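Just coords_7.pdb here, PDB, C-alpha atoms, pLDDT in the B column:
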```pdb
MODEL        1
ATOM      1  CA  MET A 151     107.384  75.136  93.343  1.00 73.00           C
ATOM      2  CA  ASN A 152     109.261  73.161  95.914  1.00 86.00           C
ATOM      3  CA  ARG A 153     111.782  73.578  98.694  1.00 87.00           C
ATOM      4  CA  GLU A 154     114.764  73.453  96.334  1.00 89.00           C
ATOM      5  CA  PHE A 155     113.264  76.264  94.236  1.00 90.00           C
ATOM      6  CA  TRP A 156     112.915  78.564  97.249  1.00 87.00           C
ATOM      7  CA  GLU A 157     116.357  77.668  98.572  1.00 89.00           C
ATOM      8  CA  GLN A 158     117.779  78.740  95.224  1.00 89.00           C
ATOM      9  CA  VAL A 159     115.780  81.987  95.232  1.00 87.00           C
ATOM     10  CA  TYR A 160     117.096  82.997  98.655  1.00 87.00           C
ATOM     11  CA  GLN A 161     120.653  81.911  97.877  1.00 88.00           C
ATOM     12  CA  GLU A 162     120.738  83.869  94.622  1.00 86.00           C
ATOM     13  CA  GLU A 163     118.855  86.926  95.899  1.00 76.00           C
ATOM     14  CA  PRO A 164     119.859  87.617  99.512  1.00 68.00           C
ATOM     15  CA  GLY A 165     117.204  89.706 101.170  1.00 63.00           C
ATOM     16  CA  HIS A 166     114.598  88.543  98.623  1.00 67.00           C
ATOM     17  CA  SER A 167     111.639  90.229 100.334  1.00 68.00           C
ATOM     18  CA  VAL A 168     113.044  92.743 102.747  1.00 77.00           C
ATOM     19  CA  VAL A 169     110.047  95.081 102.619  1.00 86.00           C
ATOM     20  CA  ALA A 170     106.930  94.261 104.619  1.00 93.00           C
ATOM     21  CA  ASP A 171     103.751  93.714 102.628  1.00 93.00           C
ATOM     22  CA  PRO A 172     101.725  96.958 102.693  1.00 95.00           C
ATOM     23  CA  LEU A 173      98.528  94.922 103.093  1.00 96.00           C
ATOM     24  CA  VAL A 174      99.835  93.322 106.306  1.00 96.00           C
ATOM     25  CA  GLU A 175     100.761  96.778 107.598  1.00 94.00           C
ATOM     26  CA  GLU A 176      97.316  98.131 106.687  1.00 96.00           C
ATOM     27  CA  LEU A 177      95.419  95.216 108.229  1.00 95.00           C
ATOM     28  CA  THR A 178      97.310  95.392 111.527  1.00 95.00           C
ATOM     29  CA  LEU A 179      97.331  99.180 111.845  1.00 92.00           C
ATOM     30  CA  GLY A 180      95.491 100.133 115.017  1.00 93.00           C
ATOM     31  CA  LEU A 181      95.271  96.573 116.366  1.00 96.00           C
ATOM     32  CA  SER A 182      96.573  95.863 119.833  1.00 97.00           C
ATOM     33  CA  PRO A 183      99.736  93.786 119.570  1.00 97.00           C
ATOM     34  CA  GLY A 184      99.220  90.099 120.158  1.00 97.00           C
ATOM     35  CA  LYS A 185     100.645  86.885 118.792  1.00 98.00           C
ATOM     36  CA  ALA A 186     101.165  86.187 115.100  1.00 97.00           C
ATOM     37  CA  LEU A 187     102.219  83.170 113.071  1.00 98.00           C
ATOM     38  CA  ASP A 188     103.899  84.046 109.779  1.00 96.00           C
ATOM     39  CA  LEU A 189     103.749  80.951 107.583  1.00 95.00           C
ATOM     40  CA  GLY A 190     106.130  81.158 104.651  1.00 92.00           C
ATOM     41  CA  CYS A 191     107.871  84.110 106.273  1.00 93.00           C
ATOM     42  CA  GLY A 192     110.766  84.172 103.821  1.00 91.00           C
ATOM     43  CA  SER A 193     113.431  86.564 104.992  1.00 90.00           C
ATOM     44  CA  GLY A 194     111.099  87.808 107.723  1.00 93.00           C
ATOM     45  CA  ALA A 195     110.027  91.286 106.561  1.00 94.00           C
ATOM     46  CA  ASN A 196     106.434  90.958 107.815  1.00 96.00           C
ATOM     47  CA  ALA A 197     107.461  89.220 111.033  1.00 96.00           C
ATOM     48  CA  LEU A 198     110.045  91.903 111.769  1.00 95.00           C
ATOM     49  CA  MET A 199     107.598  94.721 111.062  1.00 96.00           C
ATOM     50  CA  LEU A 200     105.060  93.177 113.438  1.00 97.00           C
ATOM     51  CA  ALA A 201     107.690  92.566 116.121  1.00 96.00           C
ATOM     52  CA  GLN A 202     108.729  96.220 115.901  1.00 95.00           C
ATOM     53  CA  GLN A 203     105.093  97.083 116.653  1.00 95.00           C
ATOM     54  CA  GLY A 204     105.167  94.940 119.792  1.00 97.00           C
ATOM     55  CA  TRP A 205     103.771  91.677 118.424  1.00 98.00           C
ATOM     56  CA  GLN A 206     105.118  88.273 119.475  1.00 98.00           C
ATOM     57  CA  VAL A 207     105.810  86.628 116.118  1.00 97.00           C
ATOM     58  CA  LEU A 208     106.808  83.132 115.074  1.00 97.00           C
ATOM     59  CA  GLY A 209     108.047  82.967 111.486  1.00 96.00           C
ATOM     60  CA  VAL A 210     108.195  79.631 109.661  1.00 96.00           C
ATOM     61  CA  ASP A 211     109.617  78.844 106.232  1.00 94.00           C
ATOM     62  CA  TRP A 212     110.890  75.675 104.631  1.00 91.00           C
ATOM     63  CA  ALA A 213     113.844  77.452 102.990  1.00 91.00           C
ATOM     64  CA  GLU A 214     116.604  77.312 105.584  1.00 90.00           C
ATOM     65  CA  THR A 215     118.467  80.097 103.797  1.00 90.00           C
ATOM     66  CA  ALA A 216     115.447  82.383 104.207  1.00 89.00           C
ATOM     67  CA  ILE A 217     115.204  81.590 107.924  1.00 91.00           C
ATOM     68  CA  GLU A 218     118.899  82.361 108.373  1.00 89.00           C
ATOM     69  CA  GLN A 219     118.391  85.710 106.634  1.00 89.00           C
ATOM     70  CA  ALA A 220     115.440  86.446 108.933  1.00 90.00           C
ATOM     71  CA  ARG A 221     117.518  85.605 112.007  1.00 90.00           C
ATOM     72  CA  GLN A 222     120.293  87.931 110.867  1.00 89.00           C
ATOM     73  CA  ALA A 223     117.824  90.752 110.268  1.00 84.00           C
TER
ENDMDL
END
```

Go ahead and express the file in the form of structure tokens.
Amino acid sequence: MNREFWEQVYQEEPGHSVVADPLVEELTLGLSPGKALDLGCGSGANALMLAQQGWQVLGVDWAETAIEQARQA
């Protein structure tokens, strides 16, 4: 898979992963908020969930369409 593949995914399926990963929620439950780096953040579901819990999150993805969707969310 390459950048063009993921660009196409996010262009064809807006909001591709809009639900946070339950494992990320489980692993961070009860932790004191801190800083997180979300590599391959896609449309930002995990980053947004963490930010809502008080974390400072930096989300990175190579699909510009995904990053734009995360910004809008």

Q | Using all atoms listed in the file: which of A:Val207, A:Leu181, A:Ala195, A:Leu187 has the shortest distance to Val168 of chain A | A | A:Ala195

As AutoDock Vina command-line options, please report the centre and edge lengths, rounded to one decimal in Å, of the axis-aligned box that holds all listed atoms of segment 165-180 of chain A with 3 Å of padding on each of the six sides.
```
--center_x 106.3 --center_y 94.3 --center_z 106.8 --size_x 27.8 --size_y 17.6 --size_z 22.4
```

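The space separating atom CA of Asp211 of chain A from atom CA of Leu179 of chain A comes to 24.4 Å.
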
Q.
Please determine, counting all atoms listed in the file, which residue among A:Gly180, A:Ile217, A:Arg153, A:Val169 has the shortest atom-to-atom distance to Gly192 of chain A.
A. A:Ile217

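Neighbouring residues of Ala220 of chain A at 9 Å or closer, counting only C-alpha atoms and skipping chain neighbours under 5 positions away, are Gly165, Cys191, Gly192, Ser193, Gly194, Ala195, Ala197, Leu198, Gly209 and Thr215 of chain A.
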
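Each of A:Gln158, A:Asn152, A:Gln202, A:Asn196 was compared to Asp171 of chain A using only C-alpha atoms, and A:Asn196 turns out to be the nearest.
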
Q) Smallest atom-to-atom distance to Gln206 of chain A: which of A:Glu176, A:Glu163, A:Glu157, A:Asp188, using all atoms listed in the file? A) A:Asp188

**Q.** Polymer residues at most 8 Å from Trp205 of chain A, only C-alpha atoms, same-chain spacing of 4 or more positions, as a ChimeraX atom specification
**A.** /A:183-186,200-201

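Comparing A:Gln219, A:Trp212, A:Gly190, A:Thr178 by their smallest distance to Gln161 of chain A, the closest is A:Gln219 (using all atoms listed in the file).
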
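Straight-line separation from atom CA of Ala170 of chain A to atom CA of Met199 of chain A: 6.5 Å.
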
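Reported to one decimal place, the separation of atom CA of Val174 of chain A from atom CA of Ala213 of chain A is 21.4 Å.
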
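Here the question is which of A:Pro172, A:Ala216, A:Leu177, A:Ser182 gets nearest to Tyr160 of chain A using only C-alpha atoms, and that residue is A:Ala216.
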
Please reconstruct the missing atoms of segment 162-194 of chain A (target: N, CA and C atoms) and return them as a tab-separated table (two decimals), in the frame of the given file.
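result_14.tsv was written with the following content:
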```tsv
chain	number	residue	atom	x	y	z
A	162	GLU	N	120.34	83.00	95.73
A	162	GLU	CA	120.74	83.87	94.62
A	162	GLU	C	120.36	85.32	94.85
A	163	GLU	N	119.33	85.57	95.65
A	163	GLU	CA	118.86	86.93	95.90
A	163	GLU	C	118.77	87.17	97.40
A	164	PRO	N	119.91	87.36	98.07
A	164	PRO	CA	119.86	87.62	99.51
A	164	PRO	C	118.95	88.80	99.81
A	165	GLY	N	118.13	88.65	100.82
A	165	GLY	CA	117.20	89.71	101.17
A	165	GLY	C	116.03	89.78	100.20
A	166	HIS	N	115.64	88.64	99.66
A	166	HIS	CA	114.60	88.54	98.62
A	166	HIS	C	113.39	89.43	98.90
A	167	SER	N	112.76	89.34	100.03
A	167	SER	CA	111.64	90.23	100.33
A	167	SER	C	111.94	90.93	101.64
A	168	VAL	N	112.62	92.03	101.54
A	168	VAL	CA	113.04	92.74	102.75
A	168	VAL	C	112.08	93.86	103.13
A	169	VAL	N	111.03	94.05	102.34
A	169	VAL	CA	110.05	95.08	102.62
A	169	VAL	C	108.74	94.40	103.03
A	170	ALA	N	108.19	94.84	104.14
A	170	ALA	CA	106.93	94.26	104.62
A	170	ALA	C	105.82	94.53	103.60
A	171	ASP	N	104.90	93.59	103.52
A	171	ASP	CA	103.75	93.71	102.63
A	171	ASP	C	102.85	94.85	103.12
A	172	PRO	N	102.58	95.84	102.26
A	172	PRO	CA	101.72	96.96	102.69
A	172	PRO	C	100.35	96.51	103.19
A	173	LEU	N	99.82	95.42	102.65
A	173	LEU	CA	98.53	94.92	103.09
A	173	LEU	C	98.59	94.45	104.54
A	174	VAL	N	99.67	93.77	104.92
A	174	VAL	CA	99.84	93.32	106.31
A	174	VAL	C	99.92	94.54	107.22
A	175	GLU	N	100.67	95.55	106.80
A	175	GLU	CA	100.76	96.78	107.60
A	175	GLU	C	99.38	97.42	107.75
A	176	GLU	N	98.64	97.50	106.65
A	176	GLU	CA	97.32	98.13	106.69
A	176	GLU	C	96.35	97.37	107.58
A	177	LEU	N	96.36	96.03	107.47
A	177	LEU	CA	95.42	95.22	108.23
A	177	LEU	C	95.72	95.20	109.73
A	178	THR	N	96.96	95.43	110.10
A	178	THR	CA	97.31	95.39	111.53
A	178	THR	C	97.38	96.77	112.15
A	179	LEU	N	97.29	97.81	111.34
A	179	LEU	CA	97.33	99.18	111.84
A	179	LEU	C	96.19	99.40	112.83
A	180	GLY	N	96.51	99.85	114.01
A	180	GLY	CA	95.49	100.13	115.02
A	180	GLY	C	95.09	98.94	115.87
A	181	LEU	N	95.57	97.74	115.53
A	181	LEU	CA	95.27	96.57	116.37
A	181	LEU	C	96.21	96.56	117.57
A	182	SER	N	95.71	96.07	118.68
A	182	SER	CA	96.57	95.86	119.83
A	182	SER	C	97.52	94.71	119.52
A	183	PRO	N	98.79	94.87	119.83
A	183	PRO	CA	99.74	93.79	119.57
A	183	PRO	C	99.31	92.51	120.28
A	184	GLY	N	99.53	91.41	119.61
A	184	GLY	CA	99.22	90.10	120.16
A	184	GLY	C	100.24	89.10	119.66
A	185	LYS	N	99.77	87.93	119.32
A	185	LYS	CA	100.64	86.88	118.79
A	185	LYS	C	100.32	86.67	117.32
A	186	ALA	N	101.36	86.42	116.53
A	186	ALA	CA	101.16	86.19	115.10
A	186	ALA	C	102.02	85.02	114.65
A	187	LEU	N	101.50	84.27	113.71
A	187	LEU	CA	102.22	83.17	113.07
A	187	LEU	C	102.38	83.54	111.61
A	188	ASP	N	103.61	83.67	111.16
A	188	ASP	CA	103.90	84.05	109.78
A	188	ASP	C	104.37	82.81	109.03
A	189	LEU	N	103.44	82.16	108.35
A	189	LEU	CA	103.75	80.95	107.58
A	189	LEU	C	104.33	81.36	106.24
A	190	GLY	N	105.46	80.77	105.88
A	190	GLY	CA	106.13	81.16	104.65
A	190	GLY	C	106.72	82.55	104.80
A	191	CYS	N	107.40	82.77	105.92
A	191	CYS	CA	107.87	84.11	106.27
A	191	CYS	C	109.02	84.61	105.41
A	192	GLY	N	109.64	83.73	104.65
A	192	GLY	CA	110.77	84.17	103.82
A	192	GLY	C	111.85	84.78	104.68
A	193	SER	N	112.35	85.93	104.24
A	193	SER	CA	113.43	86.56	104.99
A	193	SER	C	112.93	87.37	106.19
A	194	GLY	N	111.64	87.29	106.47
A	194	GLY	CA	111.10	87.81	107.72
A	194	GLY	C	110.61	89.24	107.74
```
